[in-house]
$ cat upload-v7.cif   # mmCIF, C-alpha atoms and all ligand atoms
data_final
loop_
_atom_site.label_atom_id
_atom_site.label_comp_id
_atom_site.auth_asym_id
_atom_site.auth_seq_id
_atom_site.Cartn_x
_atom_site.Cartn_y
_atom_site.Cartn_z
CA MET A 1040 -5.98 12.62 38.22
CA LYS A 1041 -7.91 11.97 34.99
CA ASP A 1042 -6.94 9.27 32.45
CA ALA A 1043 -5.41 10.55 29.24
CA GLU A 1044 -8.58 9.61 27.30
CA GLU A 1045 -10.83 11.69 29.55
CA LYS A 1046 -8.64 14.74 29.24
CA ILE A 1047 -9.22 17.54 26.76
CA ASN A 1048 -6.72 17.48 23.90
CA ILE A 1049 -6.08 21.20 24.23
CA LYS A 1050 -3.61 21.53 21.35
CA SER A 1051 -6.36 20.48 18.93
CA LEU A 1052 -8.66 23.33 20.05
CA ASP A 1053 -8.69 26.29 17.67
CA TYR A 1054 -8.59 29.95 18.75
CA LYS A 1055 -12.35 30.17 19.28
CA GLU A 1056 -12.72 26.77 20.94
CA ILE A 1057 -9.96 27.41 23.46
CA GLN A 1058 -11.66 30.63 24.58
CA GLU A 1059 -14.99 28.80 24.88
CA TYR A 1060 -13.36 26.11 27.01
CA ILE A 1061 -11.68 28.66 29.27
CA VAL A 1062 -14.94 30.57 29.76
CA SER A 1063 -16.68 27.24 30.56
CA ILE A 1064 -14.36 26.75 33.54
CA GLY A 1065 -15.13 30.22 34.86
CA GLN A 1066 -12.15 32.12 33.48
CA LYS A 1067 -12.01 35.23 31.31
CA ALA A 1068 -11.72 34.64 27.54
CA PHE A 1069 -8.38 36.47 27.33
CA ARG A 1070 -6.80 33.61 29.32
CA GLY A 1071 -7.72 31.35 26.41
CA ARG A 1072 -5.95 33.71 24.02
CA GLN A 1073 -2.87 33.67 26.25
CA ILE A 1074 -2.83 29.86 26.31
CA TYR A 1075 -3.29 29.66 22.54
CA LYS A 1076 -0.28 31.91 22.07
CA TRP A 1077 1.81 29.77 24.43
CA LEU A 1078 0.87 26.59 22.58
CA HIS A 1079 0.92 27.70 18.96
CA GLU A 1080 3.26 30.67 18.75
CA ARG A 1081 5.73 30.18 21.60
CA LEU A 1082 5.51 26.40 21.23
CA ALA A 1083 5.37 25.63 24.95
CA GLU A 1084 5.75 22.01 25.97
CA SER A 1085 4.08 22.25 29.38
CA PHE A 1086 1.57 24.37 31.29
CA HIS A 1087 4.32 24.99 33.81
CA GLU A 1088 6.06 27.29 31.31
CA MET A 1089 3.02 29.56 30.99
CA THR A 1090 4.31 31.98 33.60
CA ASP A 1091 1.80 34.75 32.96
CA LEU A 1092 -1.09 32.48 34.04
CA PRO A 1093 -2.06 32.21 37.70
CA GLU A 1094 -0.55 29.15 39.36
CA GLU A 1095 -4.01 27.78 40.14
CA LEU A 1096 -5.11 27.91 36.51
CA ARG A 1097 -1.93 26.14 35.41
CA LYS A 1098 -2.67 23.37 37.88
CA ARG A 1099 -6.25 23.09 36.67
CA LEU A 1100 -5.07 22.84 33.04
CA ASP A 1101 -2.61 20.15 33.99
CA GLU A 1102 -5.42 18.11 35.55
CA ASP A 1103 -8.01 18.66 32.81
CA CYS A 1104 -5.97 18.73 29.63
CA SER A 1105 -3.43 16.63 27.76
CA LEU A 1106 -0.77 17.95 25.43
CA GLU A 1107 -0.96 15.23 22.80
CA GLY A 1108 1.80 15.57 20.33
CA CYS A 1109 4.98 13.76 19.41
CA ARG A 1110 8.53 13.29 20.60
CA ILE A 1111 11.65 12.74 18.51
CA GLU A 1112 12.82 9.17 18.87
CA LYS A 1113 15.44 9.08 16.16
CA VAL A 1114 16.97 11.47 13.62
CA GLN A 1115 18.77 10.54 10.43
CA VAL A 1116 20.79 13.27 8.76
CA SER A 1117 21.53 13.09 5.06
CA LYS A 1118 24.63 14.42 3.34
CA ASP A 1119 22.50 17.14 1.74
CA GLY A 1120 21.27 18.33 5.16
CA THR A 1121 17.85 16.69 4.93
CA LYS A 1122 16.77 15.35 8.30
CA LYS A 1123 14.34 12.52 8.78
CA TYR A 1124 12.65 12.21 12.15
CA LEU A 1125 11.05 9.14 13.62
CA MET A 1126 8.35 10.57 15.87
CA LEU A 1127 6.87 8.74 18.83
CA LEU A 1128 3.20 9.47 19.55
CA SER A 1129 1.68 9.31 23.04
CA ASP A 1130 0.08 5.90 22.38
CA GLY A 1131 3.37 4.31 21.30
CA ASN A 1132 2.77 4.51 17.54
CA HIS A 1133 5.35 6.03 15.21
CA VAL A 1134 5.22 8.36 12.22
CA GLU A 1135 7.87 10.13 10.15
CA SER A 1136 8.54 13.77 9.35
CA VAL A 1137 11.21 15.16 7.04
CA LEU A 1138 12.96 18.53 7.15
CA MET A 1139 14.41 19.80 3.89
CA LYS A 1140 16.52 22.93 3.78
CA TYR A 1141 16.25 25.08 0.71
CA LYS A 1142 17.61 28.55 -0.06
CA HIS A 1143 14.09 29.92 0.18
CA GLY A 1144 13.51 28.42 3.64
CA ASN A 1145 12.83 25.27 5.60
CA SER A 1146 10.23 22.79 4.38
CA VAL A 1147 8.72 20.12 6.57
CA CYS A 1148 6.92 17.10 5.18
CA ILE A 1149 4.50 15.67 7.73
CA SER A 1150 2.54 12.44 8.18
CA THR A 1151 -1.24 12.54 8.45
CA GLN A 1152 -1.98 8.94 9.49
CA VAL A 1153 -0.27 5.99 11.18
CA GLY A 1154 -0.03 3.70 8.15
CA CYS A 1155 -2.33 4.05 5.15
CA ARG A 1156 -5.17 2.06 3.59
CA MET A 1157 -4.80 3.20 0.00
CA GLY A 1158 -2.52 0.30 -0.94
CA CYS A 1159 -0.37 1.94 -3.65
CA ARG A 1160 1.81 -0.93 -4.81
CA PHE A 1161 5.15 0.90 -4.78
CA CYS A 1162 4.73 2.66 -1.44
CA ALA A 1163 6.26 1.69 1.92
CA SER A 1164 3.67 3.51 4.06
CA THR A 1165 0.82 1.25 3.12
CA VAL A 1166 2.51 -1.96 4.27
CA GLY A 1167 0.56 -3.12 7.33
CA GLY A 1168 -2.48 -1.00 6.41
CA LEU A 1169 -4.00 1.85 8.39
CA VAL A 1170 -3.55 1.86 12.16
CA ARG A 1171 -5.28 5.18 12.86
CA SER A 1172 -5.58 8.76 11.70
CA LEU A 1173 -3.58 11.51 13.40
CA LYS A 1174 -5.20 14.20 15.49
CA THR A 1175 -4.79 17.84 14.54
CA SER A 1176 -2.46 18.32 17.53
CA GLU A 1177 -0.22 15.47 16.37
CA MET A 1178 0.15 17.02 12.92
CA LEU A 1179 0.89 20.47 14.33
CA ASP A 1180 3.34 19.03 16.82
CA GLN A 1181 5.51 17.47 14.10
CA ILE A 1182 6.22 21.03 12.94
CA TYR A 1183 6.51 22.49 16.43
CA THR A 1184 8.92 19.76 17.56
CA ILE A 1185 11.17 20.27 14.53
CA THR A 1186 11.07 24.06 15.01
CA ARG A 1187 12.16 23.65 18.62
CA GLU A 1188 14.88 21.18 17.68
CA THR A 1189 16.42 23.32 14.94
CA GLY A 1190 15.64 26.74 16.41
CA GLU A 1191 14.72 27.78 12.86
CA ARG A 1192 11.41 28.87 11.39
CA VAL A 1193 9.54 26.48 9.11
CA SER A 1194 8.22 28.33 6.07
CA ASN A 1195 6.78 25.53 3.93
CA VAL A 1196 4.66 22.57 4.92
CA ILE A 1197 3.92 19.56 2.75
CA LEU A 1198 1.33 16.92 3.61
CA MET A 1199 3.13 14.12 1.81
CA GLY A 1200 4.42 11.84 4.57
CA ILE A 1201 2.78 8.65 5.80
CA GLY A 1202 -0.97 8.48 5.17
CA GLU A 1203 -3.61 9.86 2.84
CA PRO A 1204 -4.46 13.40 4.02
CA LEU A 1205 -7.93 13.42 2.48
CA ASP A 1206 -8.74 10.15 4.29
CA ASN A 1207 -8.37 12.20 7.51
CA TYR A 1208 -10.32 15.16 6.15
CA ASP A 1209 -11.68 17.05 9.18
CA ALA A 1210 -8.48 16.89 11.26
CA VAL A 1211 -6.40 17.94 8.23
CA VAL A 1212 -8.62 20.92 7.40
CA LYS A 1213 -8.45 22.07 11.02
CA PHE A 1214 -4.66 21.59 10.92
CA ILE A 1215 -4.39 23.87 7.88
CA GLN A 1216 -6.59 26.49 9.53
CA MET A 1217 -4.55 26.47 12.74
CA LEU A 1218 -1.15 26.32 11.01
CA THR A 1219 -1.95 29.35 8.89
CA ASP A 1220 -3.91 31.21 11.59
CA GLU A 1221 -2.47 34.63 12.48
CA HIS A 1222 -2.45 33.69 16.18
CA GLY A 1223 -0.17 30.70 15.67
CA LEU A 1224 2.88 30.12 13.45
CA HIS A 1225 1.03 32.03 10.72
CA ILE A 1226 2.53 30.07 7.83
CA SER A 1227 1.26 31.37 4.50
CA GLN A 1228 -1.39 29.16 2.88
CA ARG A 1229 0.53 29.60 -0.36
CA ASN A 1230 3.36 27.65 1.25
CA VAL A 1231 1.22 24.62 2.10
CA THR A 1232 0.89 21.65 -0.26
CA ILE A 1233 -1.49 18.75 0.20
CA SER A 1234 -0.87 15.56 -1.77
CA THR A 1235 -3.63 13.07 -2.51
CA CYS A 1236 -3.94 9.81 -4.42
CA GLY A 1237 -7.16 11.30 -5.81
CA LEU A 1238 -10.15 10.92 -3.46
CA VAL A 1239 -12.59 12.80 -5.67
CA PRO A 1240 -15.41 13.70 -3.22
CA GLN A 1241 -12.91 15.10 -0.71
CA MET A 1242 -11.09 17.02 -3.46
CA LYS A 1243 -14.38 18.73 -4.28
CA ARG A 1244 -15.01 19.46 -0.62
CA LEU A 1245 -11.53 20.91 -0.30
CA ALA A 1246 -12.23 23.33 -3.17
CA GLY A 1247 -15.11 24.65 -1.07
CA GLU A 1248 -12.80 25.48 1.85
CA GLU A 1249 -11.28 28.20 -0.35
CA PHE A 1250 -7.76 27.73 0.96
CA ALA A 1251 -4.94 29.22 -1.12
CA ILE A 1252 -2.95 25.98 -0.79
CA THR A 1253 -1.44 23.87 -3.57
CA LEU A 1254 -3.15 20.63 -4.45
CA ALA A 1255 -0.86 17.84 -5.65
CA ILE A 1256 -2.32 14.74 -7.29
CA SER A 1257 -0.45 11.44 -7.31
CA LEU A 1258 -1.30 10.46 -10.86
CA HIS A 1259 1.59 8.14 -11.81
CA ALA A 1260 -0.11 6.86 -14.97
CA PRO A 1261 -1.71 8.43 -18.05
CA ASN A 1262 -4.64 5.99 -18.27
CA ASP A 1263 -6.90 4.05 -15.92
CA LYS A 1264 -5.71 0.60 -16.99
CA LEU A 1265 -2.12 1.30 -16.04
CA ARG A 1266 -3.10 3.30 -12.97
CA ARG A 1267 -5.17 0.39 -11.63
CA GLU A 1268 -2.09 -1.82 -11.80
CA MET A 1269 -0.22 0.64 -9.57
CA MET A 1270 -2.90 2.09 -7.30
CA PRO A 1271 -6.01 0.24 -6.07
CA VAL A 1272 -7.76 3.61 -5.56
CA ALA A 1273 -7.93 3.86 -9.36
CA ASN A 1274 -10.65 1.22 -9.25
CA ARG A 1275 -12.81 3.68 -7.36
CA TYR A 1276 -12.17 6.93 -9.20
CA SER A 1277 -11.27 7.32 -12.85
CA ILE A 1278 -8.68 9.76 -14.16
CA GLU A 1279 -11.52 11.59 -15.91
CA GLU A 1280 -13.25 12.19 -12.58
CA ILE A 1281 -9.98 13.33 -11.00
CA ILE A 1282 -9.30 15.78 -13.84
CA GLU A 1283 -12.81 17.16 -13.56
CA ALA A 1284 -12.35 17.67 -9.79
CA CYS A 1285 -9.01 19.41 -10.51
CA ARG A 1286 -10.72 21.80 -12.93
CA GLU A 1287 -13.28 22.56 -10.26
CA TYR A 1288 -10.47 23.21 -7.74
CA LEU A 1289 -8.73 25.49 -10.24
CA GLY A 1290 -11.97 27.32 -10.97
CA VAL A 1291 -12.52 28.14 -7.31
CA THR A 1292 -8.97 28.74 -6.10
CA ASN A 1293 -7.07 29.71 -9.24
CA ARG A 1294 -4.15 27.71 -7.83
CA ARG A 1295 -2.05 25.73 -10.31
CA ILE A 1296 -2.36 21.98 -9.78
CA THR A 1297 0.69 19.74 -9.37
CA PHE A 1298 0.68 16.21 -10.78
CA GLU A 1299 3.12 13.78 -9.26
CA TYR A 1300 4.42 11.03 -11.51
CA SER A 1301 6.75 8.44 -9.96
CA MET A 1302 8.79 6.84 -12.71
CA VAL A 1303 8.84 3.05 -12.62
CA GLU A 1304 11.12 1.27 -15.05
CA GLY A 1305 9.28 -0.34 -17.94
CA LYS A 1306 5.91 0.43 -16.39
CA ASN A 1307 4.92 4.05 -16.99
CA ASP A 1308 8.07 5.62 -18.45
CA SER A 1309 7.72 5.20 -22.25
CA LEU A 1310 7.42 8.06 -24.74
CA LYS A 1311 3.96 6.73 -25.55
CA ASP A 1312 3.05 7.30 -21.90
CA ALA A 1313 4.51 10.82 -22.12
CA GLU A 1314 2.37 11.53 -25.18
CA GLU A 1315 -0.77 10.25 -23.50
CA LEU A 1316 -0.01 12.29 -20.37
CA SER A 1317 0.50 15.41 -22.51
CA ARG A 1318 -2.89 14.97 -24.18
CA LEU A 1319 -4.50 14.58 -20.77
CA LEU A 1320 -3.01 17.74 -19.27
CA CYS A 1321 -2.39 20.03 -22.25
CA ASP A 1322 -5.21 22.48 -21.59
CA MET A 1323 -4.85 22.72 -17.82
CA ASN A 1324 -2.93 25.17 -15.63
CA CYS A 1325 -0.67 22.56 -14.07
CA HIS A 1326 2.80 21.37 -13.38
CA VAL A 1327 4.18 17.83 -13.55
CA ASN A 1328 6.68 16.61 -10.99
CA LEU A 1329 8.61 13.55 -12.14
CA ILE A 1330 9.81 11.48 -9.17
CA PRO A 1331 12.44 8.80 -9.77
CA LEU A 1332 10.94 5.79 -7.94
CA ASN A 1333 12.53 5.09 -4.60
CA PRO A 1334 12.48 1.29 -4.73
CA VAL A 1335 11.10 -0.32 -1.57
CA LYS A 1336 11.98 -3.92 -0.74
CA GLY A 1337 9.05 -6.17 -1.54
CA ARG A 1338 7.12 -3.44 -3.35
CA LEU A 1339 6.49 -2.79 -7.02
CA GLY A 1340 9.19 -1.80 -9.40
CA GLN A 1341 12.60 -0.34 -10.00
CA ARG A 1342 13.39 3.26 -10.82
CA SER A 1343 13.60 4.38 -14.42
CA GLY A 1344 17.07 5.20 -15.72
CA GLN A 1345 18.21 8.82 -15.84
CA GLU A 1346 18.06 8.92 -19.62
CA LYS A 1347 14.52 7.56 -19.68
CA ILE A 1348 13.44 10.22 -17.21
CA ARG A 1349 15.17 12.96 -19.20
CA ASP A 1350 13.57 11.83 -22.49
CA PHE A 1351 10.17 11.67 -20.81
CA LYS A 1352 10.66 15.21 -19.52
CA LEU A 1353 11.77 16.50 -22.92
CA ARG A 1354 8.70 15.00 -24.56
CA LEU A 1355 6.40 16.69 -22.08
CA GLU A 1356 8.22 19.99 -22.63
CA LYS A 1357 7.91 19.62 -26.38
CA ASN A 1358 4.18 19.33 -25.78
CA HIS A 1359 4.23 22.54 -23.69
CA ILE A 1360 3.69 20.88 -20.33
CA ASN A 1361 5.44 22.47 -17.31
CA VAL A 1362 7.64 19.79 -15.85
CA THR A 1363 10.46 19.32 -13.34
CA ILE A 1364 12.35 16.30 -12.11
CA ARG A 1365 12.10 16.24 -8.35
CA ARG A 1366 15.41 16.95 -6.68
CA GLU A 1367 16.15 13.95 -4.59
CA MET A 1368 16.60 14.96 -1.01
CA GLY A 1369 17.90 12.51 1.51
CA ARG A 1370 17.99 9.42 -0.67
CA ASP A 1371 20.86 8.06 1.43
CA ILE A 1372 18.58 8.05 4.51
CA ASP A 1373 15.56 6.17 3.15
CA ALA A 1374 13.61 9.39 2.68
CA ALA A 1375 10.79 7.47 0.95
CA CYS A 1376 8.17 7.77 3.62
CA GLY A 1377 7.34 4.74 5.68
CA GLN A 1378 10.72 3.03 5.50
CA LEU A 1379 12.02 4.28 8.83
CA ARG A 1380 8.75 3.47 10.60
CA ASN A 1381 8.78 -0.03 9.13
CA LYS A 1382 12.29 -0.54 10.46
CA SER A 1383 11.29 0.74 13.91
CA GLU A 1384 8.55 -1.86 14.05
CA GLY A 1385 11.26 -4.51 13.76
CA GLY A 1386 10.37 -5.22 10.16
CA LYS A 1387 7.14 -6.92 11.17
CA LEU A 1388 5.18 -4.61 8.92
CA HIS A 1389 6.82 -6.37 6.01
CA GLU A 1390 4.92 -9.55 6.71
CA GLY A 1391 2.13 -10.36 4.36
CA ILE A 1392 3.08 -8.02 1.55
CA CYS A 1393 3.31 -9.22 -2.00
CA GLU A 1394 0.25 -11.42 -1.49
CA ASP A 1395 -1.29 -9.24 -4.15
CA GLY A 1396 1.46 -10.30 -6.56
CA CYS A 1397 2.76 -6.77 -6.78
CA ARG A 1398 6.14 -7.66 -8.20
N1 LIG B 1401 -1.22 9.64 0.17
C1 LIG B 1401 -0.77 10.84 -0.42
C2 LIG B 1401 0.50 11.44 0.16
C3 LIG B 1401 1.62 10.53 0.59
S1 LIG B 1401 2.72 9.85 -0.59
C4 LIG B 1401 -0.61 10.65 -1.91
O1 LIG B 1401 -0.81 9.55 -2.40
O2 LIG B 1401 -0.34 11.62 -2.61
C5 LIG B 1401 3.64 11.16 -1.32
C6 LIG B 1401 4.03 10.91 -2.77
O3 LIG B 1401 5.11 9.97 -2.87
C7 LIG B 1401 2.90 10.35 -3.60
O4 LIG B 1401 2.93 10.92 -4.87
C8 LIG B 1401 3.26 8.89 -3.65
O5 LIG B 1401 2.60 8.23 -4.70
C9 LIG B 1401 4.75 8.95 -3.80
N2 LIG B 1401 5.48 7.73 -3.43
C10 LIG B 1401 5.16 6.82 -2.49
N3 LIG B 1401 6.09 5.86 -2.43
C11 LIG B 1401 7.03 6.16 -3.34
C12 LIG B 1401 8.25 5.56 -3.75
N4 LIG B 1401 8.67 4.44 -3.20
N5 LIG B 1401 8.97 6.17 -4.71
C13 LIG B 1401 8.54 7.32 -5.28
N6 LIG B 1401 7.40 7.94 -4.94
C14 LIG B 1401 6.64 7.37 -3.99
#
$ encode --input "upload-v7.cif" --output "structure tokens" --more "lines below"
Ligand code: SAH
Amino acid sequence: MKDAEEKINIKSLDYKEIQEYIVSIGQKAFRGRQIYKWLHERLAESFHEMTDLPEELRKRLDEDCSLEGCRIEKVQVSKDGTKKYLMLLSDGNHVESVLMKYKHGNSVCISTQVGCRMGCRFCASTVGGLVRSLKTSEMLDQIYTITRETGERVSNVILMGIGEPLDNYDAVVKFIQMLTDEHGLHISQRNVTISTCGLVPQMKRLAGEEFAITLAISLHAPNDKLRREMMPVANRYSIEEIIEACREYLGVTNRRITFEYSMVEGKNDSLKDAEELSRLLCDMNCHVNLIPLNPVKGRLGQRSGQEKIRDFKLRLEKNHINVTIRREMGRDIDAACGQLRNKSEGGKLHEGICEDGCR
């Protein structure tokens, strides 16, 4: 028997790679296509289930390959039907995934890394730093596991859970290819959203992939000075560079950009901030999503009051900016990503925060 590390992570192989692997062990390519269908369309959990493969091949796969994914360890159900899953990975680490039910279908928000190294001062996921990036199979399996659990199709996927997707670029791009591939779940690229804190070189690379996905930018501030106080990544890339990369993305994909703006009381929620944000975005095909801050113990800030958020929205609208206030799903179950994982680690991830004087 081989150790898990020596085994081939077969769920991370794309349609072409799986056929190449199968041919390399002396089988016909169509066997690879059968296995791909079992893994990515029928969502099999073991080789044993693949009953149209010869017994001998199933045994060989079991010896050579691992099925690295995730397992549900805990589910929290919100009054509004939102479900938050604590997922256990094969090495004992945890991530979170969230299922939100809308009239237009089921949306799943997935994690892309265990922890995060971006350090946004209001965010729970970054406490304890980055442990490791997820493999393509582990991202796919968050969706597959939830599909199996609910028995319902997932139609929208959002890369907005724990981690910075563009800090795990190659595995994320492969994930999008496989998720939207006609031989797998075949989710429409138009129904995939990737959220980034603004890693400019990777944003430009992503434009070159020519996906029809939505790019969401966590902006949170209308100028660099304020943004640096909230997000360390702002020391590396300026808003000007981010906006330029967005224009490039728009030019190539023609997909409207989303800007996320988490509203922190007394920090970024004044009408002056709304005016500055309007000037920044007025000539771009974009949409602003205002997110009432989900306060995290030990992290920066309180949420802005409802009136403040409404006035901010009205000011943007007056300036002809498309804007919505994000519907809060699952607030009663700590839906701000990272909080459930932190709890599962016995709160030890909370140690050491606030050293940066974030309060
Ligand atoms: N790293 C990626 C995606 C994960 S975070 C990114 O930065 O975009 C998903 C979104 O939630 C981001 O806009 C993030 O800034 C925001 N967010 C994180 N913690 C939050 C909190 N406590 N309250 C409100 N929004 C938060």
$ axis_aligned_box --input "upload-v7.cif" --around "ligand LIG 1401 (chain B)" --padding-each-side "8 Å" --output "AutoDock Vina command-line options"
--center_x 3.9 --center_y 8.0 --center_z -2.3 --size_x 26.2 --size_y 23.2 --size_z 21.9
$ residues_around --input "upload-v7.cif" --residues "Gln1228 in chain A" --least-positions-apart "4" --cutoff "7 Å" --atoms "only C-alpha atoms" --output "PyMOL selection string"
chain A and resi 1219+1250-1252
$ atom_distance --input "upload-v7.cif" --atom1 "CA of Lys1046 in chain A" --atom2 "CA of Gln1181 in chain A"
20.9 Å
$ closest_residue --input "upload-v7.cif" --among "A:Ser1309, A:Ser1194, A:Ser1085, A:Ser1136" --to "Leu1355 in chain A" --atoms "all atoms listed in the file"
A:Ser1309
$ residues_around --input "upload-v7.cif" --residues "Arg1072 in chain A" --least-positions-apart "6" --cutoff "12 Å" --atoms "all atoms listed in the file" --output "list in words"
Leu1052, Asp1053, Tyr1054, Lys1055, Glu1056, Ile1057, Gln1058, Glu1059, Tyr1060, Ile1061, Val1062, Gln1066, Leu1078, His1079, Glu1080, Asp1091, Leu1092, His1222 and Gly1223 of chain A
$ closest_residue --input "upload-v7.cif" --among "A:Leu1310, A:Leu1173, A:Glu1249, A:Pro1331" --to "Asn1293 in chain A" --atoms "all atoms listed in the file"
A:Glu1249
$ closest_atom_pairs --input "upload-v7.cif" --of "range 1297-1334 of chain A" --to "range 1258-1263 of chain A" --cutoff "10 Å" --atoms "only C-alpha atoms" --output "CSV"
residue,atom,partner,partner_atom,distance
A:Thr1297,CA,A:Leu1258,CA,9.6
A:Phe1298,CA,A:Leu1258,CA,6.1
A:Glu1299,CA,A:Leu1258,CA,5.8
A:Tyr1300,CA,A:His1259,CA,4.1
A:Ser1301,CA,A:His1259,CA,5.5
A:Met1302,CA,A:His1259,CA,7.4
A:Val1303,CA,A:His1259,CA,8.9
A:Lys1306,CA,A:Ala1260,CA,8.9
A:Asn1307,CA,A:Ala1260,CA,6.1
A:Asp1308,CA,A:Ala1260,CA,9.0
A:Lys1311,CA,A:Pro1261,CA,9.6
A:Asp1312,CA,A:Pro1261,CA,6.2
A:Ala1313,CA,A:Pro1261,CA,7.8
A:Glu1314,CA,A:Pro1261,CA,8.8
A:Glu1315,CA,A:Pro1261,CA,5.8
A:Leu1316,CA,A:Pro1261,CA,4.8
A:Ser1317,CA,A:Pro1261,CA,8.6
A:Arg1318,CA,A:Pro1261,CA,9.0
A:Leu1319,CA,A:Pro1261,CA,7.3
A:Leu1320,CA,A:Pro1261,CA,9.5
A:Val1327,CA,A:Leu1258,CA,9.6
A:Asn1328,CA,A:His1259,CA,9.9
A:Leu1329,CA,A:His1259,CA,8.9
A:Ile1330,CA,A:His1259,CA,9.3
$ closest_residue --input "upload-v7.cif" --among "A:Val1134, A:Met1126, A:Cys1162, A:Ala1083" --to "ligand LIG 1401 (chain B)" --atoms "only C-alpha atoms and all ligand atoms"
A:Cys1162
$ residues_around --input "upload-v7.cif" --residues "Val1291 in chain A" --least-positions-apart "3" --cutoff "9 Å" --atoms "all atoms listed in the file" --output "ChimeraX atom specification"
/A:1246-1247,1249,1286-1288,1294
$ residues_near_ligand --input "upload-v7.cif" --ligand "ligand LIG 1401 (chain B)" --cutoff "9 Å" --atoms "only C-alpha atoms and all ligand atoms" --output "PyMOL selection string"
chain A and resi 1150-1151+1155+1157+1159-1165+1198-1206+1233-1237+1255-1259+1270+1298-1303+1330-1335+1338-1340+1342+1375-1377
$ residues_near_point --input "upload-v7.cif" --point "(-2.6, 25.2, 14.2)" --cutoff "12 Å" --atoms "only C-alpha atoms" --output "number ranges by chain"
A: 1049-1054, 1075-1076, 1078-1080, 1082, 1174-1183, 1210-1226
$ closest_residue --input "upload-v7.cif" --among "A:Asn1381, A:Asn1195, A:Phe1086, A:Arg1171" --to "His1143 in chain A" --atoms "all atoms listed in the file"
A:Asn1195
$ closest_residue --input "upload-v7.cif" --among "A:Gly1337, A:Gly1065, A:Gly1144, A:Pro1093" --to "Asn1230 in chain A" --atoms "all atoms listed in the file"
A:Gly1144
$ build_atoms --input "upload-v7.cif" --residues "range 1075-1079 of chain A" --atoms "all heavy atoms" --output "JSON list (two decimals), in the coordinates of the input"
[["chain", "number", "residue", "atom", "x", "y", "z"],
["A", 1075, "TYR", "N", -3.46, 29.97, 23.96],
["A", 1075, "TYR", "CA", -3.29, 29.66, 22.54],
["A", 1075, "TYR", "C", -1.91, 30.14, 22.05],
["A", 1075, "TYR", "O", -1.21, 29.44, 21.34],
["A", 1075, "TYR", "CB", -4.41, 30.32, 21.72],
["A", 1075, "TYR", "CG", -4.50, 29.77, 20.31],
["A", 1075, "TYR", "CD1", -5.29, 28.67, 20.01],
["A", 1075, "TYR", "CD2", -3.78, 30.35, 19.26],
["A", 1075, "TYR", "CE1", -5.38, 28.15, 18.72],
["A", 1075, "TYR", "CE2", -3.85, 29.85, 17.97],
["A", 1075, "TYR", "CZ", -4.65, 28.75, 17.70],
["A", 1075, "TYR", "OH", -4.73, 28.23, 16.43],
["A", 1076, "LYS", "N", -1.57, 31.34, 22.47],
["A", 1076, "LYS", "CA", -0.28, 31.91, 22.07],
["A", 1076, "LYS", "C", 0.89, 31.07, 22.61],
["A", 1076, "LYS", "O", 1.86, 30.79, 21.89],
["A", 1076, "LYS", "CB", -0.19, 33.34, 22.63],
["A", 1076, "LYS", "CG", 0.96, 34.14, 22.09],
["A", 1076, "LYS", "CD", 0.88, 35.58, 22.58],
["A", 1076, "LYS", "CE", 2.17, 36.30, 22.26],
["A", 1076, "LYS", "NZ", 2.01, 37.46, 21.45],
["A", 1077, "TRP", "N", 0.76, 30.63, 23.86],
["A", 1077, "TRP", "CA", 1.81, 29.77, 24.43],
["A", 1077, "TRP", "C", 1.96, 28.49, 23.61],
["A", 1077, "TRP", "O", 3.08, 28.06, 23.31],
["A", 1077, "TRP", "CB", 1.47, 29.41, 25.88],
["A", 1077, "TRP", "CG", 1.95, 30.42, 26.88],
["A", 1077, "TRP", "CD1", 1.18, 31.25, 27.62],
["A", 1077, "TRP", "CD2", 3.32, 30.68, 27.25],
["A", 1077, "TRP", "NE1", 1.97, 32.03, 28.43],
["A", 1077, "TRP", "CE2", 3.29, 31.70, 28.22],
["A", 1077, "TRP", "CE3", 4.54, 30.17, 26.84],
["A", 1077, "TRP", "CZ2", 4.45, 32.22, 28.81],
["A", 1077, "TRP", "CZ3", 5.70, 30.68, 27.41],
["A", 1077, "TRP", "CH2", 5.65, 31.70, 28.38],
["A", 1078, "LEU", "N", 0.82, 27.89, 23.25],
["A", 1078, "LEU", "CA", 0.87, 26.59, 22.58],
["A", 1078, "LEU", "C", 1.32, 26.70, 21.12],
["A", 1078, "LEU", "O", 2.12, 25.90, 20.64],
["A", 1078, "LEU", "CB", -0.51, 25.91, 22.63],
["A", 1078, "LEU", "CG", -0.99, 25.45, 24.00],
["A", 1078, "LEU", "CD1", -2.43, 24.94, 23.91],
["A", 1078, "LEU", "CD2", -0.08, 24.35, 24.56],
["A", 1079, "HIS", "N", 0.78, 27.71, 20.42],
["A", 1079, "HIS", "CA", 0.92, 27.70, 18.96],
["A", 1079, "HIS", "C", 1.88, 28.75, 18.40],
["A", 1079, "HIS", "O", 2.23, 28.71, 17.23],
["A", 1079, "HIS", "CB", -0.46, 27.85, 18.31],
["A", 1079, "HIS", "CG", -1.40, 26.75, 18.70],
["A", 1079, "HIS", "ND1", -1.29, 25.46, 18.22],
["A", 1079, "HIS", "CD2", -2.42, 26.72, 19.60],
["A", 1079, "HIS", "CE1", -2.23, 24.70, 18.78],
["A", 1079, "HIS", "NE2", -2.93, 25.44, 19.62]]
